[in-house]
Structures are given as C-alpha cells and as structure tokens.
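Novice: This one is data03.cif, mmCIF, C-alpha atoms.
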data_protein
loop_
_atom_site.label_atom_id
_atom_site.label_comp_id
_atom_site.auth_asym_id
_atom_site.auth_seq_id
_atom_site.Cartn_x
_atom_site.Cartn_y
_atom_site.Cartn_z
CA MET V 72 -9.15 -12.45 -0.33
CA SER V 73 -11.30 -9.34 -0.48
CA ALA V 74 -11.47 -6.46 1.97
CA ASP V 75 -14.82 -7.86 3.13
CA GLU V 76 -13.03 -11.05 4.14
CA ASP V 77 -9.87 -9.48 5.56
CA ARG V 78 -10.75 -7.32 8.53
CA ASN V 79 -7.12 -6.23 8.89
CA SER V 80 -7.27 -4.36 5.59
CA LEU V 81 -7.57 -0.59 5.89
CA LEU V 82 -10.32 -0.92 3.28
CA TYR V 83 -12.38 -2.71 5.95
CA TRP V 84 -11.88 -0.55 9.05
CA TRP V 85 -11.18 2.92 7.64
CA PRO V 86 -14.79 3.65 6.60
CA ALA V 87 -15.90 3.12 10.22
CA VAL V 88 -13.28 5.59 11.47
CA GLN V 89 -14.57 8.13 8.95
CA ARG V 90 -18.25 7.56 9.82
CA LEU V 91 -17.54 8.12 13.50
CA GLY V 92 -15.55 11.30 12.88
CA ILE V 93 -12.54 10.05 14.84
CA PRO V 94 -9.47 12.28 14.35
CA ALA V 95 -7.12 10.60 11.86
CA PRO V 96 -4.69 11.59 9.10
CA ASP V 97 -6.23 12.71 5.81
CA THR V 98 -6.32 9.59 3.66
CA GLU V 99 -6.83 8.74 0.00
CA ILE V 100 -7.09 5.23 -1.43
CA VAL V 101 -5.91 4.17 -4.90
CA MET V 102 -6.96 0.66 -5.90
CA ILE V 103 -4.30 -1.56 -7.49
CA PRO V 104 -5.23 -2.68 -11.03
CA ASP V 105 -5.23 -6.37 -11.88
CA GLY V 106 -1.81 -7.56 -13.01
CA LEU V 107 0.13 -4.65 -11.56
CA LEU V 108 1.60 -6.57 -8.64
CA GLU V 109 2.98 -9.27 -10.91
CA GLY V 110 4.48 -6.68 -13.23
CA ILE V 111 6.26 -4.89 -10.39
CA LEU V 112 7.54 -8.07 -8.75
CA GLY V 113 8.70 -9.50 -12.05
CA HIS V 114 10.18 -6.21 -13.27
CA GLU V 115 8.22 -6.67 -16.47
CA PRO V 116 7.57 -3.33 -18.22
CA GLU V 117 5.12 -4.84 -20.71
CA LYS V 118 2.92 -6.27 -17.95
CA LEU V 119 3.08 -2.97 -16.10
CA ALA V 120 1.93 -1.08 -19.16
CA GLU V 121 -0.87 -3.56 -19.82
CA ALA V 122 -2.01 -3.28 -16.18
CA GLY V 123 -2.25 0.50 -16.42
CA TRP V 124 0.87 1.52 -14.49
CA PRO V 125 1.04 5.11 -15.87
CA LYS V 126 -2.55 5.84 -14.83
CA PHE V 127 -2.08 4.18 -11.45
CA PHE V 128 1.16 6.03 -10.70
CA GLN V 129 -0.41 9.34 -11.67
CA ALA V 130 -3.36 8.64 -9.38
CA VAL V 131 -0.99 8.07 -6.44
CA ALA V 132 1.01 11.20 -7.31
CA ASP V 133 -2.19 13.26 -7.59
CA ALA V 134 -3.32 12.00 -4.19
CA ALA V 135 0.01 13.10 -2.70
CA ASP V 136 -0.47 16.56 -4.21
CA ARG V 137 -3.90 16.79 -2.60
CA MET V 138 -2.28 16.11 0.76
CA GLY V 139 -0.56 19.46 0.38
CA GLY V 140 2.62 18.09 -1.09
CA TYR V 141 5.49 16.11 0.31
CA PRO V 142 6.40 14.43 2.55
CA VAL V 143 3.50 11.97 2.59
CA PHE V 144 2.97 8.70 4.38
CA LEU V 145 2.51 5.80 1.96
CA ARG V 146 1.27 2.31 2.74
CA THR V 147 -0.80 -0.47 1.25
CA ASP V 148 -4.14 -1.40 2.74
CA ILE V 149 -2.30 -4.16 4.63
CA LEU V 150 1.03 -2.74 5.80
CA SER V 151 3.41 0.24 5.82
CA GLY V 152 6.81 -1.43 6.11
CA LYS V 153 7.61 1.19 8.75
CA HIS V 154 10.82 -0.42 10.00
CA ASN V 155 12.29 0.34 6.56
CA TRP V 156 10.97 3.89 6.88
CA ASP V 157 13.40 5.72 4.60
CA ASP V 158 12.68 3.29 1.74
CA THR V 159 8.99 2.53 2.22
CA CYS V 160 6.33 4.59 3.98
CA TYR V 161 8.11 7.93 4.30
CA VAL V 162 8.05 9.61 0.88
CA PRO V 163 9.91 12.95 0.88
CA SER V 164 9.42 13.81 -2.80
CA LEU V 165 7.85 12.81 -6.09
CA ARG V 166 11.30 11.79 -7.29
CA VAL V 167 11.33 8.68 -5.06
CA LEU V 168 7.62 7.83 -5.16
CA GLU V 169 7.96 5.08 -7.75
CA LYS V 170 10.83 3.48 -5.83
CA HIS V 171 8.81 3.46 -2.61
CA ILE V 172 5.80 1.91 -4.31
CA GLY V 173 8.02 -0.93 -5.50
CA ALA V 174 9.60 -1.35 -2.07
CA LEU V 175 6.20 -1.61 -0.41
CA ILE V 176 5.10 -4.25 -2.90
CA GLU V 177 8.25 -6.27 -2.18
CA GLU V 178 7.71 -5.77 1.55
CA SER V 179 4.23 -7.25 1.17
CA TYR V 180 5.67 -10.58 0.07
CA ILE V 181 8.28 -10.98 2.82
CA PRO V 182 5.91 -12.08 5.64
CA LEU V 183 4.06 -15.35 5.26
CA GLY V 184 0.34 -15.67 5.63
CA ILE V 185 -0.77 -12.14 4.79
CA PRO V 186 -3.07 -11.34 1.86
CA ASP V 187 -2.04 -9.54 -1.29
CA PRO V 188 -2.50 -5.78 -1.05
CA GLN V 189 -5.53 -4.43 -2.89
CA ALA V 190 -4.78 -0.72 -2.68
CA PHE V 191 -2.18 1.92 -2.02
CA VAL V 192 -3.03 4.46 0.63
CA VAL V 193 -1.66 7.99 0.59
CA ARG V 194 -1.89 9.69 3.96
CA GLU V 195 -1.18 13.09 5.36
CA PHE V 196 2.25 13.05 6.99
CA LEU V 197 1.92 13.83 10.68
CA PRO V 198 5.15 14.92 12.41
CA LEU V 199 4.80 13.02 15.68
CA GLN V 200 6.32 13.69 19.06
CA SER V 201 9.39 11.47 18.90
CA ALA V 202 12.42 10.59 20.99
CA PHE V 203 14.99 9.26 18.49
CA LYS V 204 15.25 7.32 15.23
CA ALA V 205 15.89 3.61 14.90
CA PHE V 206 16.03 0.89 12.25
CA HIS V 207 16.05 2.61 8.83
CA GLY V 208 15.03 6.06 9.97
CA LEU V 209 11.81 5.23 11.84
CA PRO V 210 11.04 7.90 14.47
CA ILE V 211 10.25 6.22 17.78
CA SER V 212 7.21 8.25 18.64
CA LEU V 213 4.49 8.88 21.19
CA GLU V 214 2.15 6.04 20.28
CA TRP V 215 -0.18 3.94 22.37
CA ARG V 216 -2.07 0.76 21.55
CA LEU V 217 -5.53 0.10 22.95
CA PHE V 218 -7.27 -3.26 23.01
CA ALA V 219 -11.06 -3.23 22.89
CA GLN V 220 -13.80 -5.69 22.02
CA ASP V 221 -17.37 -4.96 20.95
CA GLY V 222 -17.28 -1.49 22.47
CA GLU V 223 -15.57 -2.46 25.73
CA LEU V 224 -12.04 -1.29 26.49
CA GLU V 225 -9.77 -4.05 27.77
CA CYS V 226 -6.40 -2.34 28.23
CA LEU V 227 -3.94 0.14 26.78
CA HIS V 228 -0.15 0.20 26.55
CA PHE V 229 2.64 2.43 25.34
CA TYR V 230 3.43 1.10 21.88
CA TRP V 231 7.21 0.71 22.13
CA THR V 232 8.86 -1.63 24.62
CA PRO V 233 12.65 -1.68 25.07
CA ASP V 234 12.72 -5.22 23.67
CA ALA V 235 11.10 -3.95 20.45
CA ILE V 236 13.94 -1.51 19.77
CA LYS V 237 16.70 -3.28 17.89
CA GLY V 238 20.12 -2.01 16.88
CA TRP V 239 19.93 -2.99 13.24
CA GLY V 240 19.59 -0.58 10.35
CA ARG V 241 21.19 2.68 9.30
CA TYR V 242 20.53 4.54 12.51
CA LYS V 243 22.70 4.07 15.57
CA LEU V 244 20.76 4.29 18.80
CA PRO V 245 21.73 7.13 21.16
CA LYS V 246 23.47 6.06 24.34
CA ASP V 247 20.56 7.19 26.50
CA TRP V 248 17.84 5.74 24.29
CA LYS V 249 16.26 3.71 27.10
CA GLN V 250 15.82 6.83 29.23
CA GLN V 251 14.44 8.75 26.26
CA LEU V 252 12.01 5.92 25.64
CA ALA V 253 10.95 5.88 29.30
CA ASN V 254 10.35 9.63 29.19
CA LEU V 255 8.15 9.23 26.12
CA ALA V 256 6.26 6.32 27.68
CA SER V 257 5.42 8.46 30.72
CA ILE V 258 3.14 10.64 28.56
CA GLU V 259 -0.29 9.03 28.67
CA PRO V 260 -2.99 9.67 26.06
CA PRO V 261 -6.11 11.67 26.94
CA VAL V 262 -9.20 9.80 28.02
CA GLU V 263 -11.01 10.53 24.74
CA VAL V 264 -8.88 7.99 22.87
CA GLU V 265 -10.52 5.31 24.99
CA ALA V 266 -13.88 6.51 23.70
CA TRP V 267 -12.56 6.21 20.12
CA ALA V 268 -11.56 2.59 20.73
CA ARG V 269 -14.91 1.76 22.30
CA ALA V 270 -16.86 3.43 19.51
CA VAL V 271 -15.00 1.93 16.57
CA THR V 272 -14.96 -1.61 17.96
CA LYS V 273 -18.67 -1.38 18.73
CA GLU V 274 -19.21 -0.29 15.13
CA LEU V 275 -17.05 -3.06 13.65
CA GLY V 276 -17.68 -5.83 16.17
CA GLY V 277 -15.04 -8.18 17.51
CA ALA V 278 -11.72 -7.69 19.25
CA TRP V 279 -9.29 -5.10 17.91
CA SER V 280 -6.04 -3.31 18.58
CA VAL V 281 -6.35 0.42 17.99
CA ASP V 282 -3.19 2.49 17.56
CA VAL V 283 -3.13 6.19 18.39
CA ALA V 284 -0.32 8.76 18.15
CA CYS V 285 0.33 12.34 19.23
CA ASP V 286 1.60 14.97 16.82
CA MET V 287 3.96 17.85 17.54
CA GLU V 288 1.02 20.13 18.36
CA GLY V 289 -0.28 17.77 21.01
CA GLN V 290 -3.19 16.46 18.94
CA TRP V 291 -3.96 12.73 19.05
CA HIS V 292 -4.98 10.69 16.01
CA LEU V 293 -6.12 7.14 15.32
CA ILE V 294 -3.46 5.85 12.92
CA ASP V 295 -3.99 2.09 12.55
CA MET V 296 -6.11 -0.90 13.48
CA ALA V 297 -5.87 -4.68 13.34
CA GLU V 298 -7.64 -7.65 14.80
CA ALA V 299 -6.45 -8.10 18.37
CA GLU V 300 -5.26 -11.65 17.87
CA ARG V 301 -2.54 -10.39 15.53
CA ASN V 302 -0.86 -8.27 18.21
CA TRP V 303 0.93 -9.08 21.41
CA HIS V 304 -0.18 -7.40 24.63
CA PRO V 305 2.90 -5.82 26.26
CA GLY V 306 3.14 -6.88 29.86
CA HIS V 307 0.67 -9.73 29.41
CA ALA V 308 3.14 -12.42 28.38
#
Step by step, read the file and then write its structure as structure tokens.

Specialist:
Amino acid sequence: MSADEDRNSLLYWWPAVQRLGIPAPDTEIVMIPDGLLEGILGHEPEKLAEAGWPKFFQAVADAADRMGGYPVFLRTDILSGKHNWDDTCYVPSLRVLEKHIGALIEESYIPLGIPDPQAFVVREFLPLQSAFKAFHGLPISLEWRLFAQDGELECLHFYWTPDAIKGWGRYKLPKDWKQQLANLASIEPPVEVEAWARAVTKELGGAWSVDVACDMEGQWHLIDMAEAERNWHPGHA
C-alpha cells in the first residue's frame, strides 16, 4: 500500500500541514529502502547490507543532527510506539538510535491490519507540558484531539481519559495521578487550533482526527493526524 492509498500515513497528510503553515515540530523524512524491513525483522546482516542499511542509518542520524541534536522524536510514517516511549520514539542519544529503529520496526508488526511503514520520520523533540509519566516513560501531556470533516469542526476532547491510563510498564503512577490528570485536562487549547483542524481537513477532504499539544513555553503544535474512523470519541460511547 502506498502513501497515496493510505491516508493515515504521515507521508499523506504532512505535506498539507506544511503548505498551510500550521505550527508543527520540525520534521525530516527518510524513506526505507526495499528489503530493509525484512533484514531487520529477520536479524539478517547480509540482507541489511544489501538493502543499504549503512546509508539509511547515516541518513537518519544526519537528520537527527539537523534537529539540533538529541533528544529527538522518532517514528515511522505510520506509528510512534509511544507507549513504549523509552525504547521507541524517545531517542536520547546516537548510541541508542539503531536499537530504537529496530524496536519501531518490531512495533509495526504487532498490530494487525496496518500497512508496512514506508519511511522513518525524525522530528524535533518538543518538551510538552506534562503531569506525570506512565507506561514505559511516556509523559502524560497537555494534548487535545479535534475531530473535523471537510473543513467543519465536529468536536474536541482532552486526549487522555482516566480509563486510558494503565498501571503497566516501568513507571508507577503517582497516588494523585487522577487529580493531576484532571488539572491538565482543565487547560483548554486556544481557538486557533480549531482553525488548523478546519483548514487541514478542508485541504485533505474527509473526516479526520487532529492531535495538538502544548509545549513548555505555552506554544501549541499540530503533532499527528489520522482518519477519524480509526479513533474513538471520548464521551461519545
């Protein structure tokens, strides 16, 4: 499946975000060479070499350098594996970059029904306003999800519900985590993020979820998108 066919791929929606000038993390895309996925999954050095692993890895490392150095946020065009934060999308140094690339490839084959990744995406790491850490180091942050279709806003919700916070992983939840979460949820995004959702869905057409987040300096950014049918509407069940 190509990016033209899979609207959930960052390769599909990211160009529209750029064209519209919507605030978003600096982003560089490194396409995955043919055969590389099989070499990583099969732990086959010969296949990796034949697929151009050294050149690919250097391209990802160079992209990280252009972000101003580490940490960087790493994902594929399809997913970030954020619940396994410390091992996947959060890359604190070049020393662990190769390991995190492999972990993200493996993460891509855990869910059923999603397409193979076509690219790795190196993004500027944005320290977000956060309450606490959960799962495997994931900061539970000030994020909202907007639903819009063909330029019309339908609704918006704080991203994290109490039911979405689970006690598994390396990080033990603080005793007052529900109150911390409620405090975070009380901070609503500025009205301009609604304009972002209207503009980008008018540009792309169809129904979308649009995720936005606030950094430590109080600036909001569009951080992710997906077709609306893939995401549950909190409070609508």

Novice: Could you list the residues chosen by the PyMOL selection byres ((chain V and resi 110) around 12) in this structure as a list in words?

Specialist: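 Expected selection for the PyMOL selection byres ((chain V and resi 110) around 12) here is Ile103, Pro104, Asp105, Gly106, Leu107, Leu108, Glu109, Ile111, Leu112, Gly113, His114, Glu115, Pro116, Glu117, Lys118, Leu119, Ala120, Glu121, Ala122, Gly123, Trp124, Gly173, Ile176 and Glu177 of chain V.
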
Novice: Which residues, named as in the file, does the PyMOL selection byres ((chain V and resi 226-236) around 8) pick out? Answer as a list of chain:residue names.

Specialist: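 When the PyMOL selection byres ((chain V and resi 226-236) around 8) is applied, the selected residues are V:Ala205, V:Ile211, V:Leu213, V:Glu214, V:Trp215, V:Arg216, V:Leu217, V:Phe218, V:Ala219, V:Leu224, V:Glu225, V:Lys237, V:Gly238, V:Lys249, V:Leu252, V:Ala256, V:Glu259, V:His304, V:Pro305.
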
Novice: One number please: atom CA of Ala299 of chain V to atom CA of Ile100 of chain V, in Å, one decimal.

Specialist: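 That distance, rounded to one decimal, is 23.9 Å.
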
Novice: What do you get, as a ChimeraX atom specification, if you spell out every residue that the PyMOL selection byres ((chain V and resi 83-91) around 8) selects here?

Specialist: /V:74-75,77-82,92-93,95,270-271,274-275,296

Novice: Closest to Pro210 of chain V among V:Trp239, V:Phe191, V:Trp156, V:Trp248, using only C-alpha atoms?

Specialist: V:Trp156

Novice: Which residues, written as a ChimeraX atom specification, have at least one atom at most 12 Å from Arg166 of chain V, with all atoms listed in the file counted and residues fewer than 6 positions away on the same chain left out?

Specialist: /V:132,141-142,172

Novice: Quick one: distance from atom CA of Lys204 of chain V to atom CA of Leu255 of chain V in Å, one decimal?

Specialist: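 Going from atom CA of Lys204 of chain V over to atom CA of Leu255 of chain V covers 13.1 Å.
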
Novice: Give me, please, the distance in Å between atom CA of Gly184 of chain V and atom CA of Asn302 of chain V, quoted to one decimal.

Specialist: 14.6 Å

Novice: I need the residue nearest Pro186 of chain V from this list: V:Leu150, V:Leu165, V:Ala253, V:Ile258. Use only C-alpha atoms for the distance.

Specialist: V:Leu150

Novice: Here is a test: counting all atoms listed in the file, which residue of V:Phe196, V:Phe203, V:Tyr180, V:Phe128 is nearest to Pro245 of chain V?

Specialist: V:Phe203

Novice: Produce the centre coordinates and the three edge lengths, each in Å to one decimal, of the box along x, y and z that contains all listed atoms of segment 105-119 of chain V with 8 Å added on each side, as lines of an AutoDock Vina configuration file.

Specialist:
center_x = 2.5
center_y = -6.2
center_z = -14.7
size_x = 31.4
size_y = 22.5
size_z = 28.1

Novice: Using all atoms listed in the file, can you list as a compact mmCIF listing (two decimals) with C-alpha atoms, in the coordinates of the input the residues within 8 Å of (5.3, 11.5, 9.7)?

Specialist:
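Dumped to part10.txt:
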# COMPACT_ATOMS: atom_id res chain seq x y z
CA PRO V 142 6.40 14.43 2.55
CA VAL V 143 3.50 11.97 2.59
CA PHE V 144 2.97 8.70 4.38
CA TYR V 161 8.11 7.93 4.30
CA GLU V 195 -1.18 13.09 5.36
CA PHE V 196 2.25 13.05 6.99
CA LEU V 197 1.92 13.83 10.68
CA PRO V 198 5.15 14.92 12.41
CA LEU V 199 4.80 13.02 15.68

Novice: Restricting the calculation to all atoms listed in the file, which member of V:Phe127, V:His207, V:Asp295, V:Arg146 is positioned closest to Tyr242 of chain V?

Specialist: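 So, comparing all the options, the nearest one is V:His207.
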
Novice: Nearest residue to Gln189 of chain V out of V:Glu169, V:Met102, V:Val283, V:Leu244, using all atoms listed in the file?

Specialist: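 Using all atoms listed in the file, the shortest distance to Gln189 of chain V belongs to V:Met102.
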
Novice: Restore all heavy atoms in segment 111-122 of chain V and list the result as a CSV table (one decimal), in the coordinates of the input.

Specialist:
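Listed below is the output, part27.csv:
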chain,number,residue,atom,x,y,z
V,111,ILE,N,5.2,-5.5,-11.2
V,111,ILE,CA,6.3,-4.9,-10.4
V,111,ILE,C,7.2,-5.9,-9.9
V,111,ILE,O,8.5,-5.8,-9.9
V,111,ILE,CB,5.6,-4.1,-9.2
V,111,ILE,CG1,4.8,-2.9,-9.8
V,111,ILE,CG2,6.6,-3.7,-8.2
V,111,ILE,CD1,4.0,-2.2,-8.7
V,112,LEU,N,6.7,-7.0,-9.3
V,112,LEU,CA,7.5,-8.1,-8.8
V,112,LEU,C,8.4,-8.7,-9.8
V,112,LEU,O,9.6,-9.1,-9.5
V,112,LEU,CB,6.7,-9.1,-8.1
V,112,LEU,CG,6.0,-8.7,-6.8
V,112,LEU,CD1,5.0,-9.7,-6.4
V,112,LEU,CD2,7.0,-8.5,-5.7
V,113,GLY,N,7.9,-8.9,-11.0
V,113,GLY,CA,8.7,-9.5,-12.0
V,113,GLY,C,9.5,-8.5,-12.9
V,113,GLY,O,10.3,-9.0,-13.8
V,114,HIS,N,9.4,-7.2,-12.5
V,114,HIS,CA,10.2,-6.2,-13.3
V,114,HIS,C,9.9,-6.4,-14.8
V,114,HIS,O,10.8,-6.4,-15.6
V,114,HIS,CB,11.7,-6.3,-13.0
V,114,HIS,CG,12.0,-6.2,-11.5
V,114,HIS,ND1,12.0,-5.0,-10.8
V,114,HIS,CD2,12.4,-7.1,-10.6
V,114,HIS,CE1,12.3,-5.2,-9.6
V,114,HIS,NE2,12.5,-6.5,-9.4
V,115,GLU,N,8.6,-6.4,-15.1
V,115,GLU,CA,8.2,-6.7,-16.5
V,115,GLU,C,7.5,-5.4,-17.0
V,115,GLU,O,6.3,-5.3,-16.7
V,115,GLU,CB,7.3,-7.9,-16.6
V,115,GLU,CG,8.0,-9.2,-16.1
V,115,GLU,CD,7.1,-10.4,-16.1
V,115,GLU,OE1,6.6,-10.7,-17.2
V,115,GLU,OE2,6.8,-10.9,-15.0
V,116,PRO,N,8.2,-4.6,-17.7
V,116,PRO,CA,7.6,-3.3,-18.2
V,116,PRO,C,6.3,-3.6,-19.0
V,116,PRO,O,5.4,-2.8,-19.0
V,116,PRO,CB,8.7,-2.7,-19.1
V,116,PRO,CG,9.9,-3.3,-18.5
V,116,PRO,CD,9.6,-4.7,-18.1
V,117,GLU,N,6.3,-4.6,-19.9
V,117,GLU,CA,5.1,-4.8,-20.7
V,117,GLU,C,3.9,-5.1,-19.9
V,117,GLU,O,2.8,-4.6,-20.2
V,117,GLU,CB,5.4,-6.0,-21.7
V,117,GLU,CG,6.4,-5.6,-22.8
V,117,GLU,CD,6.5,-6.8,-23.8
V,117,GLU,OE1,5.8,-7.8,-23.7
V,117,GLU,OE2,7.4,-6.6,-24.7
V,118,LYS,N,4.1,-6.0,-18.8
V,118,LYS,CA,2.9,-6.3,-18.0
V,118,LYS,C,2.5,-5.0,-17.2
V,118,LYS,O,1.3,-4.8,-17.0
V,118,LYS,CB,3.3,-7.4,-17.0
V,118,LYS,CG,3.3,-8.8,-17.6
V,118,LYS,CD,3.4,-9.8,-16.5
V,118,LYS,CE,3.3,-11.2,-17.1
V,118,LYS,NZ,3.5,-12.3,-16.0
V,119,LEU,N,3.4,-4.2,-16.8
V,119,LEU,CA,3.1,-3.0,-16.1
V,119,LEU,C,2.2,-2.1,-17.0
V,119,LEU,O,1.2,-1.5,-16.6
V,119,LEU,CB,4.3,-2.2,-15.7
V,119,LEU,CG,5.0,-2.8,-14.4
V,119,LEU,CD1,6.4,-2.1,-14.2
V,119,LEU,CD2,4.1,-2.6,-13.2
V,120,ALA,N,2.7,-1.9,-18.2
V,120,ALA,CA,1.9,-1.1,-19.2
V,120,ALA,C,0.5,-1.6,-19.4
V,120,ALA,O,-0.5,-0.9,-19.4
V,120,ALA,CB,2.7,-1.0,-20.5
V,121,GLU,N,0.4,-2.9,-19.6
V,121,GLU,CA,-0.9,-3.6,-19.8
V,121,GLU,C,-1.8,-3.4,-18.6
V,121,GLU,O,-3.0,-3.3,-18.8
V,121,GLU,CB,-0.7,-5.0,-20.1
V,121,GLU,CG,0.0,-5.3,-21.5
V,121,GLU,CD,0.3,-6.8,-21.6
V,121,GLU,OE1,-0.1,-7.6,-20.7
V,121,GLU,OE2,0.9,-7.2,-22.7
V,122,ALA,N,-1.2,-3.4,-17.4
V,122,ALA,CA,-2.0,-3.3,-16.2
V,122,ALA,C,-2.4,-1.8,-15.9
V,122,ALA,O,-3.1,-1.6,-14.9
V,122,ALA,CB,-1.3,-3.9,-15.0
